[in-house]
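A.B. asks: Starting off with a structure, shown below.
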Amino acid sequence: MLKTSFFLLYCFILLPQISNSQTPIKKDAAAIYSDIQKLNFLGSVLYLAAHPDDENTRLISYYSNSVHARTAYLSLTRGDGGQNLIGTELREQLGVIRTQELIEARKIDGGIQYFSRANDFGYSKLPDETLKIWDKDQVLSDIVWVVRNFQPDVIINRFDARTPGTTHGHHTASAMLSLESFDFAGDPSKFPSQLSYVNTWKPTRAFFNVSYFFYGSQEAFDKADKSNFTSIPTGVYYNSRGKSNQEIAALSRSRHQSQGFGSTGSRGNDTEYLEFIKGKKISTSDIFEGIDTSWNRVQGGQEIGKILEDVQTKFDFNNPSASVGELLKAYKLIQNLTNIHWKSVKTNEISEIILACLGLYTEAVTHQPDATPNDAIQVAMEFTNRSSVPVILASITAFPTNEKKILNKNLSNNKSEKITTSIRLDNAPYSSPYYLNDQATEGMYYVADQKDRGKPQAERSVRLKYNFLIDGVEIAKTQEVAYKYNDPVTGEIFENFDLIPAVTTSITEKVQIFTKKKQDVIVKVKAGKDSANGILRLQLPQNWEVSPSEIPFSLSLKGSEETFIFTVNPPKDQEEVTAHAVVLMDGKTYDMEQTYIRYPHIAKQQVLQKAHAKFIKLDIKTGKQKIGYIMGAGDEVATSLSQMGYDVQILNPSEISKESLYKFDVVITGIRAYNTITELGLKQDLLLDFVHSGKTMIVQYNTLGNLVSDKLAPFPLTISKDRVTDENAKVTFLAPQHSILNFPNKITSKDFEGWTQEQGLYYPNKWDKAFTPIISAHDYGEDPKDGAILVAKYGKGQYIYTGISFFRELPAGVSGAFKLMANMISIPY
């Protein structure tokens with residue numbers, strides 16, 4: 001049997017009802033009216049794909065804002081395996097950024113965001129490969145969980161389950177799993193443990209969102225037979241917003257800044273196409289055909305529908321509060337519904353509408369950015385009822401302690417009531433992405449609590465629940481406590497309030513290379529509270545000698561930081577180990593590193609991960625070359641080069657001149673530099689002259705589109721989409737006597753073991769005979785890919801183009817990648 005009371009509570013948690021802990025939302029009359037239209041529509045559509053950026057924001061915006069359906073996007077991954085165009089964060093931290101970008105995108109297009117536990121491990125070519133790394137049953141259970149919670153009438157897949165091998169393996173796998181979930185969600189024998197919290201649910205139909213890129217070009221798609229497709233007129237203009245559907249979709253799409261997907265809005269007619277895949281067919285362009293999306297859909301809904309239709313018809317844009325009386329009548333009737341799902345959804349929606357109609361402003365802020373668990377903080381609340389409707393603030397409940405205060409305070413028209421309270425943070429958990437709390441596998445994140453699965457982010461523990469009485473009807477609102485301050489330039493700022501550890505540590509070099517000599521290791525300790533006194537240890541296996549064994553520290557002020565030095569003597573033999581920076585303080589062990597992710601387009605995020613680093617005892621020889629590094633889309637290769645002992649200087653492309661270049665022996669361009677740095681195209685002749693004069697240039701991978709120079713290399717070279725996604729693919733040496741494989745380090749097949757995520761990407765597939773290909777590899781069932789490293793003598797110097805994923809391998813501490821890079825840098829002229 002369904003546990004009704006818990007289910008109702010859980011629905012409220014899963015739905016996006018909690019105010020964001022940044023700037024409080026203040027809706028205008030047009031936004032309220034749009035919410036009322038959505039209140040009168042009882043239908044849901046779920047868009048499903050593999051990654052952040054896979055979603056079609058035009059369709060999401062259309063169904064949310066024009067059809068007024070509940071519209072959600074389920075991204076199976078958080079985009080952890082991609083690249084970052086705005087910073088150096090990769091893997092988990094990049095996933096945090098992309099999660100927040102999707103949350104911001106949904107605020108714009110009106111959708112709801114979900115995720116599965118699937119880990120974006122990088123590119124795969126076939127769904128079979130994907131599902132070997134993902135745990136298929138776990139990902140499928142997550143999709144079923146979202147379907148049973150969200151209860152979509154219609155599922156729209158971004159990708160086609162019938163064409164494996166034509167696109168990213170994650171893409172095809174997402175569609176395949178979606179179609180399986182279509183049947184599984186309604187079957188009580190599938191994932192039965194979920195039924196303690198949710199009911200089974202059977203969607204009505206599923207579609208594939210066909211598009212021109214499945215045909216190779218817009219021209220080919222324009223010529224294609226579309227008689228079996230349903231056309232959706234998405235070129236809607238919203239008078240109340242002054243924007244077209246495409247403009248809203250472009251604004252949403254442009255939240256994907258870490259992927260460089262800024263989009264320009266368009267206007268006029270526009271059409272999207274859907275191909276029927278499963279369920280009940282339709283004979284019109286209405287994907288809800290045959291589904292009652294009015295209030296008549298639920299028993300007892302007819303009277304509610306009449307009231308709310310009248311509210312919509314008579315809505316006064318100059319006085320939204322005039323609708324409150326009828327909305328309260330509808331609210332009370334909604335509480336009598338026996339359909340638990342729609343009761344939960346519509347209670348949430350109508351509660352927000354009632355408070356918005358009142359112009360009821362609420363704020364809960366603290367003037368400190370963070371605190372440690374078991375502290376107490378002062379929280380300042382403001383309540384302003386900007387309407388003539390009488391409102392009583394009946395009570396406030398503070399979390400995490402669940403302390404309730406009865407107030408029964410009248411909120412008079414346009415009079416601000418300010419209340420200050422102390423909130424105890426007893427046993428409050430740290431603020432960090434919930435899915436990073438436990439160790440992940442290559443293919444899956446671990447989330448123990450079923451109720452957390454699917455959420456984009458966890459509800460913050462420090463929050464307040466307000467109970468308002470409006471004409472005798474109790475309306476609740478939950479608000480997370482925010483950190484508020486005034487910036488002298490931008491003004492009022494709201495940020496997330498964080499729960500932080502009493503002390504955090506970090507090893508400054510995440511990968512440290514040891515040759516024969518002992519080295520100093522720098523560890524930082526940061527206080528999360530006043531009077532942080534303890535002992536710092538650097539934990540390593542016994543055959544790694546650490547001196548001193550421990551270091552006492554005393555940090556008097558919260559936020560203060562001190563640097564300590566350990567001397568580490570490596571073992572004789574080559575070895576890779578993990579070092580841990582651990583603090584013993586007040587009888588507790590602290591071993592977390594604190595990172596803040598701050599970008600203006602997303603909410604500030606604290607990320608807590610184990611404070612560790614990879615130490616590598618490596619028999620490697622390097623030269624004394626001075627390297628100029630030109631950053632591209634963001635990577636940490638330059639840091640890795642410094643770790644190897646090279647003198648590295650970051651070059652600003654705008655400052656490149658003949659004179660500035662000649663102090664370097666080698667110039668290296670970062671990943672996608674020729675896609676992202678416009679000025680680099682203007683300096684290309686200078687760079688090639690640098691090579692011609694007797695120096696070395698190493699160009700890391702670029703993609704095909706938007707190259708800033710048509711002369712990427714001194715000789716013709718064509719970039720392709722060729723890649724070797726299997727990091728364990730066998731490598732063949734095409735030029736075994738070449739110096740890159742022999743000097744100053746002998747490269748063997750063992751040096752290609754232990755690589756991460758992929759060997760390389762966007763290899764050239766055509767090149768001038770002046771180039772010498774060095775290695776070859778290929779994924780299963782494919783032809784050899786020979787373009788991983790291409791070397792050409794140009795004048796007196798050497799030009800090297802490589803698609804090898806050094807930007808992943810070096811920060812991951814792959815010893816063979818270090819040796820290969822050292823040989824490329826040391827190539828004789």
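Labels for the structure tokens follow display order: chains A, B, ..., residues from 1 in each chain, ligands from 1.
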Neighbouring residues of Val45 of chain A were defined as those with any atom within 7 Å, considering only C-alpha atoms; residues of the same chain fewer than 6 positions away were excluded. Please report them as number ranges by chain.
C.D. replies: A: 69-72, 152-155
A.B. asks: Would you save the residues of that selection, restricted to N, CA, C and O atoms, as a compact mmCIF listing (two decimals), in the first residue's frame?
C.D. replies:
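result01.txt was written with the following content:
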# COMPACT_ATOMS: atom_id res chain seq x y z
N ALA A 69 1.99 23.16 -19.89
CA ALA A 69 2.17 21.84 -19.29
C ALA A 69 3.33 21.86 -18.29
O ALA A 69 4.26 22.66 -18.40
N ARG A 70 3.25 20.97 -17.31
CA ARG A 70 4.42 20.71 -16.48
C ARG A 70 5.45 20.06 -17.39
O ARG A 70 5.20 19.02 -17.99
N THR A 71 6.62 20.67 -17.50
CA THR A 71 7.61 20.22 -18.45
C THR A 71 8.94 20.05 -17.73
O THR A 71 9.37 20.94 -16.99
N ALA A 72 9.56 18.91 -17.92
CA ALA A 72 10.81 18.63 -17.21
C ALA A 72 11.85 18.10 -18.18
O ALA A 72 11.53 17.55 -19.23
N PRO A 152 4.81 11.74 -16.22
CA PRO A 152 4.59 12.38 -17.53
C PRO A 152 3.55 11.62 -18.35
O PRO A 152 3.53 10.39 -18.37
N ASP A 153 2.71 12.38 -19.02
CA ASP A 153 1.81 11.77 -20.01
C ASP A 153 2.58 11.42 -21.26
O ASP A 153 2.28 10.44 -21.94
N VAL A 154 3.58 12.27 -21.56
CA VAL A 154 4.35 12.12 -22.79
C VAL A 154 5.84 12.18 -22.46
O VAL A 154 6.28 13.00 -21.65
N ILE A 155 6.60 11.29 -23.09
CA ILE A 155 8.06 11.34 -23.00
C ILE A 155 8.60 11.67 -24.38
O ILE A 155 8.17 11.08 -25.38
A.B. asks: Please return, as a list in words, all residues of segment 71-116 of chain A that DSSP assigns to alpha helix (DSSP H) on the basis of the backbone.
C.D. replies: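 Filtering segment 71-116 of chain A to alpha helix (DSSP H) leaves Arg91, Glu92, Gln93, Leu94, Gly95, Val96, Ile97, Arg98, Thr99, Gln100, Glu101, Leu102, Ile103, Glu104, Ala105, Arg106, Lys107, Ile108 and Asp109 of chain A.
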A.B. asks: Residues within 8 Å of segment 664-675 of chain A, please, as a ChimeraX atom specification. Count only C-alpha atoms; anything in the same chain fewer than 3 positions from it doesn't count.
C.D. replies: /A:625-635,637,661,678,680-681,695-703,705-709,712,807,825
A.B. asks: May I ask which of the residues A:Gln299, A:Asp751, A:Ser422, A:Ser189 is the closest one to Ile340 of chain A, counting only C-alpha atoms?
C.D. replies: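 Result for the nearest residue to Ile340 of chain A: A:Gln299.
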A.B. asks: Running DSSP on the backbone, which parts of segment 522-704 of chain A land in strand (DSSP E), as a ChimeraX atom specification?
C.D. replies: /A:522-527,532-539,545-547,551-555,561-569,575-585,588-590,592-597,605-610,612-617,626-630,647-650,666-669,696-699
A.B. asks: I want to know what sits within 10 Å of segment 235-239 of chain A, based on only C-alpha atoms, with residues of the same chain fewer than 6 positions away left out; could you give that as a ChimeraX atom specification?
C.D. replies: /A:30,58,61-62,65-66,245-248,266-272
A.B. asks: Pull all heavy atoms from the residues just selected and write them as a tab-separated table (two decimals), in the first residue's frame.
C.D. replies:
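What ended up in selection-v4.tsv:
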chain	number	residue	atom	x	y	z
A	30	ALA	N	2.20	39.62	-14.97
A	30	ALA	CA	2.25	38.75	-16.15
A	30	ALA	C	2.73	37.35	-15.78
A	30	ALA	O	2.20	36.35	-16.26
A	30	ALA	CB	3.15	39.36	-17.22
A	58	ARG	N	13.79	24.97	-27.06
A	58	ARG	CA	12.61	25.49	-27.77
A	58	ARG	C	11.38	24.68	-27.42
A	58	ARG	O	10.30	25.23	-27.19
A	58	ARG	CB	12.86	25.49	-29.28
A	58	ARG	CG	13.95	26.44	-29.71
A	58	ARG	CD	14.01	26.58	-31.22
A	58	ARG	NE	15.09	27.48	-31.62
A	58	ARG	CZ	15.19	28.07	-32.79
A	58	ARG	NH1	14.28	27.85	-33.71
A	58	ARG	NH2	16.20	28.87	-33.06
A	61	SER	N	10.52	25.24	-23.59
A	61	SER	CA	9.86	26.53	-23.41
A	61	SER	C	8.45	26.52	-24.00
A	61	SER	O	7.51	27.05	-23.40
A	61	SER	CB	10.70	27.64	-24.06
A	61	SER	OG	10.03	28.88	-23.96
A	62	TYR	N	8.29	25.90	-25.16
A	62	TYR	CA	6.98	25.88	-25.81
A	62	TYR	C	5.95	25.15	-24.95
A	62	TYR	O	4.85	25.66	-24.71
A	62	TYR	CB	7.10	25.21	-27.17
A	62	TYR	CG	5.76	24.96	-27.85
A	62	TYR	CD1	5.06	26.00	-28.46
A	62	TYR	CD2	5.20	23.68	-27.85
A	62	TYR	CE1	3.83	25.78	-29.07
A	62	TYR	CE2	3.97	23.45	-28.46
A	62	TYR	CZ	3.29	24.50	-29.06
A	62	TYR	OH	2.08	24.26	-29.66
A	65	ASN	N	5.49	27.28	-21.58
A	65	ASN	CA	4.97	28.64	-21.63
A	65	ASN	C	3.80	28.84	-22.58
A	65	ASN	O	3.01	29.77	-22.40
A	65	ASN	CB	6.09	29.60	-22.02
A	65	ASN	CG	7.22	29.60	-21.01
A	65	ASN	OD1	7.00	29.82	-19.83
A	65	ASN	ND2	8.44	29.33	-21.46
A	66	SER	N	3.68	28.00	-23.59
A	66	SER	CA	2.57	28.12	-24.54
A	66	SER	C	1.47	27.12	-24.23
A	66	SER	O	0.30	27.48	-24.13
A	66	SER	CB	3.08	27.92	-25.97
A	66	SER	OG	2.02	28.07	-26.90
A	245	ASN	N	9.20	32.63	-28.41
A	245	ASN	CA	9.60	31.38	-27.78
A	245	ASN	C	11.07	31.07	-28.07
A	245	ASN	O	11.81	30.59	-27.20
A	245	ASN	CB	8.72	30.24	-28.30
A	245	ASN	CG	8.97	28.94	-27.58
A	245	ASN	OD1	8.67	28.80	-26.39
A	245	ASN	ND2	9.54	27.97	-28.28
A	246	GLN	N	11.51	31.39	-29.30
A	246	GLN	CA	12.90	31.13	-29.66
A	246	GLN	C	13.86	32.01	-28.87
A	246	GLN	O	14.98	31.60	-28.55
A	246	GLN	CB	13.12	31.35	-31.16
A	246	GLN	CG	12.19	30.54	-32.06
A	246	GLN	CD	11.01	31.35	-32.53
A	246	GLN	OE1	10.25	31.89	-31.73
A	246	GLN	NE2	10.86	31.46	-33.85
A	247	GLU	N	13.44	33.24	-28.57
A	247	GLU	CA	14.30	34.13	-27.79
A	247	GLU	C	14.45	33.63	-26.36
A	247	GLU	O	15.55	33.68	-25.78
A	247	GLU	CB	13.73	35.55	-27.81
A	247	GLU	CG	13.87	36.23	-29.16
A	247	GLU	CD	13.14	37.56	-29.23
A	247	GLU	OE1	11.99	37.64	-28.76
A	247	GLU	OE2	13.71	38.52	-29.77
A	248	ILE	N	13.35	33.16	-25.78
A	248	ILE	CA	13.42	32.59	-24.43
A	248	ILE	C	14.30	31.35	-24.45
A	248	ILE	O	15.16	31.15	-23.58
A	248	ILE	CB	12.01	32.25	-23.91
A	248	ILE	CG1	11.22	33.54	-23.68
A	248	ILE	CG2	12.08	31.43	-22.63
A	248	ILE	CD1	9.76	33.32	-23.35
A	266	SER	N	15.83	34.06	-32.18
A	266	SER	CA	15.23	34.35	-33.49
A	266	SER	C	13.74	34.62	-33.29
A	266	SER	O	13.19	34.45	-32.19
A	266	SER	CB	15.43	33.18	-34.46
A	266	SER	OG	14.82	32.00	-33.95
A	267	ARG	N	13.10	35.04	-34.35
A	267	ARG	CA	11.69	35.40	-34.31
A	267	ARG	C	10.98	34.82	-35.53
A	267	ARG	O	11.64	34.39	-36.48
A	267	ARG	CB	11.53	36.92	-34.27
A	267	ARG	CG	11.99	37.54	-32.94
A	267	ARG	CD	12.69	38.85	-33.13
A	267	ARG	NE	13.96	38.71	-33.81
A	267	ARG	CZ	15.10	38.33	-33.23
A	267	ARG	NH1	15.12	38.06	-31.96
A	267	ARG	NH2	16.20	38.22	-33.94
A	268	GLY	N	9.69	34.83	-35.51
A	268	GLY	CA	8.94	34.35	-36.65
A	268	GLY	C	8.58	32.88	-36.53
A	268	GLY	O	8.78	32.24	-35.49
A	269	ASN	N	8.04	32.34	-37.61
A	269	ASN	CA	7.60	30.95	-37.60
A	269	ASN	C	8.76	29.99	-37.35
A	269	ASN	O	9.88	30.21	-37.81
A	269	ASN	CB	6.94	30.60	-38.94
A	269	ASN	CG	5.64	31.35	-39.15
A	269	ASN	OD1	4.94	31.66	-38.18
A	269	ASN	ND2	5.30	31.65	-40.39
A	270	ASP	N	8.45	28.94	-36.64
A	270	ASP	CA	9.47	27.95	-36.32
A	270	ASP	C	8.77	26.63	-36.07
A	270	ASP	O	7.66	26.61	-35.51
A	270	ASP	CB	10.26	28.38	-35.07
A	270	ASP	CG	11.47	27.49	-34.82
A	270	ASP	OD1	12.22	27.25	-35.78
A	270	ASP	OD2	11.65	27.07	-33.68
A	271	THR	N	9.38	25.54	-36.47
A	271	THR	CA	8.72	24.24	-36.35
A	271	THR	C	9.70	23.21	-35.82
A	271	THR	O	10.85	23.13	-36.26
A	271	THR	CB	8.19	23.75	-37.71
A	271	THR	OG1	7.31	24.74	-38.26
A	271	THR	CG2	7.43	22.43	-37.56
A	272	GLU	N	9.24	22.44	-34.84
A	272	GLU	CA	9.96	21.28	-34.36
A	272	GLU	C	9.19	20.04	-34.79
A	272	GLU	O	7.97	20.09	-34.99
A	272	GLU	CB	10.09	21.30	-32.84
A	272	GLU	CG	11.05	22.35	-32.30
A	272	GLU	CD	12.51	22.01	-32.56
A	272	GLU	OE1	12.82	20.81	-32.76
A	272	GLU	OE2	13.34	22.93	-32.56
A.B. asks: Just give me the gap between atom CA of Asp183 of chain A and atom CA of His171 of chain A in Å, one decimal is fine.
C.D. replies: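 We find that atom CA of Asp183 of chain A and atom CA of His171 of chain A lie 19.8 Å from each other.
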A.B. asks: Set the distance at 9 Å and use only C-alpha atoms: which residues neighbour segment 640-646 of chain A once local chain neighbours fewer than 2 positions away are removed? I'd like the list as a ChimeraX atom specification.
C.D. replies: /A:509,511-514,622-627,636-638,648,810-811,813,818,821-822
A.B. asks: May I have the selected residues written with C-alpha atoms, as an mmCIF file, in the first residue's frame?
C.D. replies:
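File again02.cif, as written:
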data_model
loop_
_atom_site.group_PDB
_atom_site.id
_atom_site.type_symbol
_atom_site.label_atom_id
_atom_site.label_comp_id
_atom_site.auth_asym_id
_atom_site.auth_seq_id
_atom_site.Cartn_x
_atom_site.Cartn_y
_atom_site.Cartn_z
ATOM 1 C CA GLU A 509 50.143 20.095 -5.907
ATOM 2 C CA VAL A 511 50.081 15.517 -8.756
ATOM 3 C CA GLN A 512 53.657 15.540 -7.553
ATOM 4 C CA ILE A 513 56.454 13.902 -9.527
ATOM 5 C CA PHE A 514 59.370 12.434 -7.597
ATOM 6 C CA THR A 622 63.389 16.152 -18.679
ATOM 7 C CA GLY A 623 65.296 18.971 -20.298
ATOM 8 C CA LYS A 624 65.738 22.566 -19.245
ATOM 9 C CA GLN A 625 63.497 24.067 -21.913
ATOM 10 C CA LYS A 626 61.670 27.290 -21.196
ATOM 11 C CA ILE A 627 58.030 26.955 -22.233
ATOM 12 C CA GLU A 636 45.842 22.423 -16.158
ATOM 13 C CA VAL A 637 48.575 21.209 -18.491
ATOM 14 C CA ALA A 638 50.747 24.232 -17.690
ATOM 15 C CA VAL A 648 56.538 27.728 -17.748
ATOM 16 C CA LEU A 810 48.586 14.869 -16.862
ATOM 17 C CA PRO A 811 46.272 16.202 -14.093
ATOM 18 C CA GLY A 813 48.954 11.683 -12.888
ATOM 19 C CA PHE A 818 54.377 12.704 -18.557
ATOM 20 C CA MET A 821 55.126 15.000 -23.165
ATOM 21 C CA ALA A 822 58.740 15.317 -21.975
#
A.B. asks: Please identify all polymer residues within 8 Å of segment 119-127 of chain A, counting only C-alpha atoms, omitting same-chain residues fewer than 2 positions from it, and present them as a PyMOL selection string.
C.D. replies: chain A and resi 51+77-82+117+129-131+134+164-165+167-173+441-445+725-726+757-758
A.B. asks: Those same residues, written as a tab-separated table (two decimals), in the first residue's frame with C-alpha atoms?
C.D. replies:
chain	number	residue	atom	x	y	z
A	51	HIS	CA	23.93	15.35	-21.07
A	77	THR	CA	24.53	12.75	-16.57
A	78	ARG	CA	25.83	16.01	-15.18
A	79	GLY	CA	28.32	16.56	-18.01
A	80	ASP	CA	31.36	15.68	-15.89
A	81	GLY	CA	33.25	14.19	-18.83
A	82	GLY	CA	33.31	17.25	-21.05
A	117	ARG	CA	23.24	8.83	-11.06
A	129	GLU	CA	30.14	0.36	-24.51
A	130	THR	CA	28.22	2.95	-22.52
A	131	LEU	CA	26.10	0.38	-20.72
A	134	TRP	CA	27.15	2.68	-16.54
A	164	PRO	CA	23.41	2.89	-32.60
A	165	GLY	CA	26.79	4.05	-33.84
A	167	THR	CA	26.03	9.44	-32.50
A	168	HIS	CA	27.57	9.44	-29.01
A	169	GLY	CA	26.96	6.11	-27.29
A	170	HIS	CA	25.51	7.95	-24.29
A	171	HIS	CA	22.94	9.51	-26.62
A	172	THR	CA	21.64	6.27	-28.04
A	173	ALA	CA	21.75	4.60	-24.63
A	441	THR	CA	32.79	4.53	-9.80
A	442	GLU	CA	33.85	5.33	-13.34
A	443	GLY	CA	30.26	5.01	-14.49
A	444	MET	CA	28.06	5.76	-11.50
A	445	TYR	CA	27.63	8.09	-8.56
A	725	THR	CA	37.64	6.52	-26.75
A	726	ASP	CA	38.98	3.32	-25.23
A	757	GLN	CA	38.64	8.37	-19.99
A	758	GLU	CA	40.09	8.31	-23.52
A.B. asks: Report as a PDB file with all heavy atoms, in the first residue's frame all protein, DNA and RNA residues lying within 8 Å of Tyr331 of chain A, evaluated on only C-alpha atoms, omitting residues in the same chain fewer than 6 positions from it.
C.D. replies:
ATOM      1  N   THR A 347      -1.295  21.844  -5.024  1.00  0.00           N
ATOM      2  CA  THR A 347      -1.158  22.576  -3.761  1.00  0.00           C
ATOM      3  C   THR A 347       0.088  23.444  -3.798  1.00  0.00           C
ATOM      4  O   THR A 347       0.074  24.614  -3.383  1.00  0.00           O
ATOM      5  CB  THR A 347      -1.079  21.598  -2.575  1.00  0.00           C
ATOM      6  OG1 THR A 347      -2.315  20.888  -2.467  1.00  0.00           O
ATOM      7  CG2 THR A 347      -0.823  22.338  -1.268  1.00  0.00           C
ATOM      8  N   ILE A 350      -0.622  26.437  -6.391  1.00  0.00           N
ATOM      9  CA  ILE A 350      -1.580  27.458  -5.974  1.00  0.00           C
ATOM     10  C   ILE A 350      -1.083  28.219  -4.747  1.00  0.00           C
ATOM     11  O   ILE A 350      -1.358  29.407  -4.584  1.00  0.00           O
ATOM     12  CB  ILE A 350      -2.981  26.843  -5.737  1.00  0.00           C
ATOM     13  CG1 ILE A 350      -4.042  27.960  -5.763  1.00  0.00           C
ATOM     14  CG2 ILE A 350      -3.033  26.034  -4.454  1.00  0.00           C
ATOM     15  CD1 ILE A 350      -5.460  27.429  -5.802  1.00  0.00           C
ATOM     16  N   SER A 351      -0.305  27.546  -3.879  1.00  0.00           N
ATOM     17  CA  SER A 351       0.273  28.244  -2.727  1.00  0.00           C
ATOM     18  C   SER A 351       1.186  29.373  -3.189  1.00  0.00           C
ATOM     19  O   SER A 351       1.117  30.502  -2.674  1.00  0.00           O
ATOM     20  CB  SER A 351       1.054  27.262  -1.853  1.00  0.00           C
ATOM     21  OG  SER A 351       0.220  26.275  -1.318  1.00  0.00           O
TER      22      SER A 351
END
A.B. asks: Using only C-alpha atoms, pick whichever of A:Ile565, A:Ala603, A:Leu820, A:Val724 has the shortest atom-to-atom distance to Glu104 of chain A.
C.D. replies: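 Checking each candidate against Glu104 of chain A, we get A:Ala603 as the closest.
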A.B. asks: What gap, in Å, lies between atom CA of Thr234 of chain A and atom CA of Leu308 of chain A?
C.D. replies: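 Result for atom CA of Thr234 of chain A versus atom CA of Leu308 of chain A: 26.6 Å, one decimal.
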A.B. asks: Which value, in Å to one decimal, gives the distance between atom CA of Ser75 of chain A and atom CA of Val462 of chain A?
C.D. replies: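 Result for atom CA of Ser75 of chain A versus atom CA of Val462 of chain A: 27.6 Å, one decimal.
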